[in-house]
>>> print(open('upload_11.cif').read())   # mmCIF, C-alpha atoms
data_structure
#
loop_
_atom_site.label_atom_id
_atom_site.label_comp_id
_atom_site.auth_asym_id
_atom_site.auth_seq_id
_atom_site.Cartn_x
_atom_site.Cartn_y
_atom_site.Cartn_z
CA MET A 12 296.64 151.13 76.28
CA ARG A 13 298.66 152.51 79.15
CA PHE A 14 298.99 156.23 79.83
CA PHE A 15 302.48 157.08 81.06
CA ASP A 16 303.37 159.60 83.76
CA ARG A 17 302.09 163.23 83.76
CA THR A 18 300.53 162.74 87.21
CA GLU A 19 301.39 166.28 88.32
CA GLU A 20 299.98 167.84 85.15
CA ILE A 21 296.78 165.81 85.41
CA ALA A 22 296.40 166.79 89.07
CA SER A 23 296.87 170.44 88.12
CA LEU A 24 294.20 170.26 85.42
CA LYS A 25 291.77 168.58 87.80
CA GLU A 26 292.43 171.29 90.36
CA VAL A 27 291.62 173.90 87.71
CA LEU A 28 288.33 172.14 86.98
CA GLU A 29 287.32 172.37 90.63
CA LEU A 30 288.32 176.05 90.79
CA SER A 31 286.22 176.79 87.70
CA LYS A 32 283.08 175.83 89.59
CA SER A 33 283.57 178.98 91.67
CA ASN A 34 285.50 181.27 89.33
CA ALA A 35 286.19 181.19 85.60
CA GLN A 36 289.57 179.63 84.75
CA PHE A 37 291.71 180.28 81.67
CA THR A 38 294.56 177.78 81.31
CA VAL A 39 297.24 177.92 78.62
CA VAL A 40 299.00 174.64 77.73
CA THR A 41 302.12 174.79 75.57
CA GLY A 42 304.82 172.40 74.46
CA ARG A 43 306.43 171.29 71.26
CA ARG A 44 304.58 169.27 68.67
CA ARG A 45 303.74 165.63 69.39
CA ILE A 46 304.71 165.84 73.04
CA GLY A 47 301.16 164.86 73.98
CA LYS A 48 299.40 168.08 75.01
CA THR A 49 296.04 167.16 73.50
CA SER A 50 296.06 163.64 74.93
CA LEU A 51 297.05 165.01 78.33
CA VAL A 52 294.07 167.37 78.53
CA LEU A 53 291.63 164.74 77.24
CA LYS A 54 293.01 162.21 79.73
CA ALA A 55 292.64 164.63 82.63
CA TYR A 56 288.99 165.21 81.75
CA GLU A 57 288.09 161.78 80.44
CA GLU A 58 285.29 161.47 83.00
CA GLU A 59 283.95 164.98 82.41
CA PRO A 60 281.89 166.44 79.56
CA ILE A 61 284.28 168.53 77.50
CA LEU A 62 283.86 170.60 74.36
CA TYR A 63 286.78 170.11 71.98
CA PHE A 64 287.37 172.82 69.36
CA PHE A 65 290.23 172.23 66.92
CA VAL A 66 291.37 175.35 65.07
CA ALA A 67 291.95 174.07 61.55
CA ARG A 68 293.14 176.30 58.74
CA LYS A 69 289.81 176.87 57.04
CA ALA A 70 287.15 179.53 56.81
CA GLU A 71 285.94 180.84 60.14
CA SER A 72 282.32 180.13 59.20
CA ASP A 73 283.22 176.48 58.55
CA LEU A 74 284.91 176.24 61.94
CA CYS A 75 281.80 177.67 63.54
CA THR A 76 279.68 174.99 61.89
CA ASP A 77 281.94 172.33 63.39
CA TYR A 78 281.86 173.95 66.82
CA ILE A 79 278.08 174.28 66.89
CA GLN A 80 277.79 170.58 66.03
CA GLU A 81 280.18 169.76 68.89
CA ILE A 82 278.07 171.80 71.33
CA GLU A 83 274.86 170.10 70.27
CA ASN A 84 276.42 166.64 70.41
CA LYS A 85 278.17 167.04 73.77
CA LEU A 86 275.75 169.24 75.69
CA GLY A 87 272.54 168.05 74.08
CA ILE A 88 271.12 171.56 73.91
CA PRO A 89 270.04 173.76 71.00
CA THR A 90 272.52 176.50 70.12
CA MET A 91 272.03 179.99 68.77
CA GLY A 92 271.67 178.70 65.19
CA ARG A 93 274.17 179.46 62.46
CA ALA A 94 277.21 181.53 63.40
CA GLU A 95 279.71 183.14 61.05
CA ARG A 96 282.30 184.24 63.59
CA PHE A 97 283.90 182.44 66.50
CA PRO A 98 283.32 185.25 69.05
CA GLU A 99 279.57 184.67 68.70
CA ILE A 100 280.04 181.09 69.90
CA PHE A 101 282.48 182.07 72.62
CA GLU A 102 280.12 184.67 74.02
CA TYR A 103 277.25 182.17 73.91
CA LEU A 104 279.29 179.68 75.97
CA MET A 105 280.46 182.31 78.44
CA LYS A 106 276.83 183.31 79.06
CA LEU A 107 275.74 179.68 79.28
CA SER A 108 278.42 178.91 81.87
CA ILE A 109 276.93 181.42 84.28
CA GLU A 110 274.23 178.84 85.04
CA HIS A 111 275.85 175.64 83.73
CA PRO A 112 279.59 175.00 84.30
CA ILE A 113 281.40 174.23 81.03
CA THR A 114 284.82 172.90 80.10
CA LEU A 115 286.00 174.21 76.73
CA PHE A 116 289.26 172.98 75.17
CA ILE A 117 290.56 174.92 72.14
CA ASP A 118 293.40 173.10 70.37
CA GLU A 119 296.02 174.80 68.16
CA PHE A 120 294.86 178.15 69.47
CA GLN A 121 297.63 180.06 67.67
CA GLU A 122 296.03 179.15 64.32
CA PHE A 123 293.44 181.89 64.83
CA PHE A 124 296.22 184.16 63.61
CA LYS A 125 295.73 182.55 60.19
CA VAL A 126 291.94 182.26 60.38
CA ASN A 127 291.09 185.69 61.77
CA LYS A 128 293.47 187.39 64.19
CA SER A 129 290.75 189.73 65.44
CA VAL A 130 289.40 186.71 67.36
CA TYR A 131 291.89 187.46 70.14
CA SER A 132 290.67 191.00 70.77
CA ASP A 133 287.05 189.82 70.64
CA MET A 134 287.82 187.06 73.15
CA GLN A 135 289.48 189.59 75.44
CA ARG A 136 286.39 191.80 75.34
CA ILE A 137 284.04 188.88 76.03
CA TRP A 138 286.26 187.38 78.76
CA ASP A 139 286.52 190.71 80.57
CA MET A 140 282.76 191.16 80.34
CA TYR A 141 281.70 187.78 81.75
CA HIS A 142 284.54 186.05 83.61
CA THR A 143 283.63 187.39 87.06
CA LYS A 144 280.25 185.61 86.94
CA ALA A 145 280.98 182.72 84.55
CA HIS A 146 281.89 179.16 85.56
CA ILE A 147 283.89 178.15 82.53
CA ASN A 148 287.00 176.00 82.50
CA LEU A 149 288.73 177.31 79.38
CA ILE A 150 291.86 175.51 78.20
CA VAL A 151 293.77 176.66 75.12
CA CYS A 152 296.60 174.64 73.69
CA GLY A 153 299.27 175.49 71.13
CA SER A 154 302.30 173.83 69.57
CA ILE A 155 304.20 176.96 68.57
CA PHE A 156 305.66 178.18 71.85
CA SER A 157 306.82 181.54 70.52
CA MET A 158 303.35 182.42 69.24
CA MET A 159 301.57 181.25 72.37
CA THR A 160 303.99 183.27 74.49
CA LYS A 161 303.38 186.32 72.33
CA ILE A 162 299.58 185.97 72.61
CA PHE A 163 299.59 185.85 76.41
CA LYS A 164 302.80 187.53 77.57
CA ASP A 165 303.29 190.39 75.13
CA LYS A 166 301.85 193.57 76.65
CA LYS A 167 300.75 194.72 73.21
CA GLU A 168 298.47 191.71 72.70
CA PRO A 169 294.78 191.80 73.72
CA LEU A 170 294.94 188.56 75.75
CA TYR A 171 297.99 189.68 77.71
CA ASN A 172 297.84 188.18 81.22
CA ARG A 173 294.25 187.02 80.85
CA GLN A 174 295.30 183.44 81.60
CA THR A 175 294.93 182.17 85.16
CA ARG A 176 297.50 179.39 84.66
CA PHE A 177 300.31 178.77 82.16
CA MET A 178 301.49 175.17 81.77
CA SER A 179 304.54 174.23 79.74
CA ILE A 180 304.68 170.49 79.03
CA ARG A 181 308.22 169.14 79.17
CA PRO A 182 309.68 165.97 77.63
CA PHE A 183 309.62 162.81 79.70
CA THR A 184 312.28 162.31 82.31
CA THR A 185 314.94 159.68 81.76
CA ALA A 186 313.22 157.37 84.24
CA VAL A 187 309.91 157.48 82.37
CA LEU A 188 311.59 156.91 79.01
CA LYS A 189 313.33 153.89 80.46
CA GLU A 190 309.99 152.61 81.79
CA ILE A 191 308.40 153.00 78.34
CA MET A 192 311.27 151.21 76.64
CA ALA A 193 311.16 148.36 79.14
CA GLU A 194 307.45 147.82 78.47
CA TYR A 195 307.39 148.20 74.68
CA ASN A 196 310.86 147.16 73.53
CA PRO A 197 311.49 143.40 73.42
CA CYS A 198 315.12 144.00 72.42
CA THR A 199 316.26 145.55 75.70
CA LEU A 200 320.04 145.34 76.04
CA PRO A 201 322.10 145.38 79.24
CA ARG A 202 323.98 148.49 78.13
CA THR A 203 321.27 150.92 77.11
CA TYR A 204 322.13 154.52 77.93
CA TRP A 205 319.81 157.47 78.35
CA HIS A 206 321.14 160.95 77.79
CA TYR A 207 319.76 164.46 77.53
CA THR A 208 321.09 164.85 74.01
CA HIS A 209 319.67 165.46 70.56
CA SER A 210 319.36 161.70 70.06
CA ARG A 211 317.23 161.44 73.19
CA VAL A 212 315.03 164.24 71.88
CA GLU A 213 314.41 162.20 68.73
CA TRP A 214 313.51 159.24 70.93
CA GLN A 215 311.12 161.45 72.88
CA ASN A 216 309.28 162.29 69.66
CA MET A 217 308.47 158.60 69.26
CA PHE A 218 307.01 158.44 72.74
CA SER A 219 304.86 161.55 73.05
CA CYS A 220 303.66 162.07 76.57
CA SER A 221 300.34 160.33 76.41
CA LEU A 222 299.85 158.81 73.01
CA MET A 223 298.41 155.33 73.05
CA LEU A 224 301.55 153.56 71.90
CA GLU A 225 301.24 151.09 69.06
CA LEU A 226 304.77 150.57 67.84
CA GLN A 227 305.75 148.72 64.69
CA PRO A 228 308.17 145.77 65.11
CA ARG A 229 311.05 147.77 63.62
CA GLN A 230 310.44 150.65 66.01
CA ARG A 231 310.43 148.29 68.96
CA CYS A 232 314.05 147.42 68.25
CA LEU A 233 315.33 151.01 68.28
CA ILE A 234 317.90 151.62 70.98
CA ILE A 235 320.14 154.43 72.11
CA SER A 236 323.67 153.13 72.24
CA SER A 237 326.53 154.14 74.51
CA LYS A 238 327.59 156.53 71.72
CA GLN A 239 324.28 158.36 72.12
CA THR A 240 323.15 157.56 68.59
CA LEU A 241 319.78 156.22 67.48
CA TYR A 242 320.02 152.82 65.76
CA SER A 243 317.49 150.42 64.27
#
>>> encode(input="upload_11.cif", output="structure tokens")
Amino acid sequence: MRFFDRTEEIASLKEVLELSKSNAQFTVVTGRRRIGKTSLVLKAYEEEPILYFFVARKAESDLCTDYIQEIENKLGIPTMGRAERFPEIFEYLMKLSIEHPITLFIDEFQEFFKVNKSVYSDMQRIWDMYHTKAHINLIVCGSIFSMMTKIFKDKKEPLYNRQTRFMSIRPFTTAVLKEIMAEYNPCTLPRTYWHYTHSRVEWQNMFSCSLMLELQPRQRCLIISSKQTLYS
């Protein structure tokens, strides 16, 4: 399926990857839910080995089990054995990246607040200890903009200003939305209007930035009328 737009964002992420081969990079990716942040990062690094850690709301030890399995599957190397806390895994990867460049993508990063909020201070300690000699491409992604901003831009937070790049993913432009509709909507009408209104925002939710679109027949006939209202 076709991947729409986001050429600048993909180029930026690829640039970060190259920079990480010389100096550790810490990229923050934010944007509202279902705009396509996860798909964007995975698309940018589709030809590179990448560790994908999803922060689910479950016990930290269970997350660690998942992450160790991901490391073994993707890197094909033995890990440190069982880990109970995420900082143990993060420190292991930071040390490993000194000799072997690594791309680590942590999705829904703000959920560590629910799992164990001390993770952030531990990550700050480990990052400060190793980042000058590590070759890690660390990307963290979050759907709650206010929380992600607080984590990295509040002076009281341990990870304040540790990021090397902050990317905010915006909704598609009108031109891209029109391109998507032309390709996937068989009911295109001569008078279809595109507006930066609440109705267009709802339309944007249907076409997240990089989701592999598989629309149902009813959805394919949705249009935005001249009254800026969503109809089926």
>>> residues_around(input="upload_11.cif", residues="A:Glu29", least_positions_apart="4", cutoff="12 Å", atoms="only C-alpha atoms", output="list in words")
Ala22, Ser23, Leu24, Lys25, Ser33, Asn34, Ala35, Gln36, Tyr56, Glu59, Pro112, Ile113, Thr114, His146, Ile147 and Asn148 of chain A
>>> resolve_selection(input="upload_11.cif", expression="the PyMOL selection byres ((chain A and resi 172) around 12)", output="VMD selection string")
chain A and resid 37 to 39 135 138 to 139 159 to 171 173 to 177
>>> atom_distance(input="upload_11.cif", atom1="atom CA of A:Cys75", atom2="atom CA of A:Tyr141")
20.8 Å
>>> atom_distance(input="upload_11.cif", atom1="atom CA of A:Arg68", atom2="atom CA of A:Gly153")
13.8 Å
>>> atom_distance(input="upload_11.cif", atom1="atom CA of A:Tyr103", atom2="atom CA of A:Ile137")
9.8 Å
>>> residues_around(input="upload_11.cif", residues="A:Asp73", least_positions_apart="3", cutoff="12 Å", atoms="only C-alpha atoms", output="PyMOL selection string")
chain A and resi 65-70+76-80+93-97+126
>>> closest_residue(input="upload_11.cif", among="A:Lys144, A:His111, A:Lys125, A:Arg181", to="A:Gly42", atoms="all atoms listed in the file")
A:Arg181
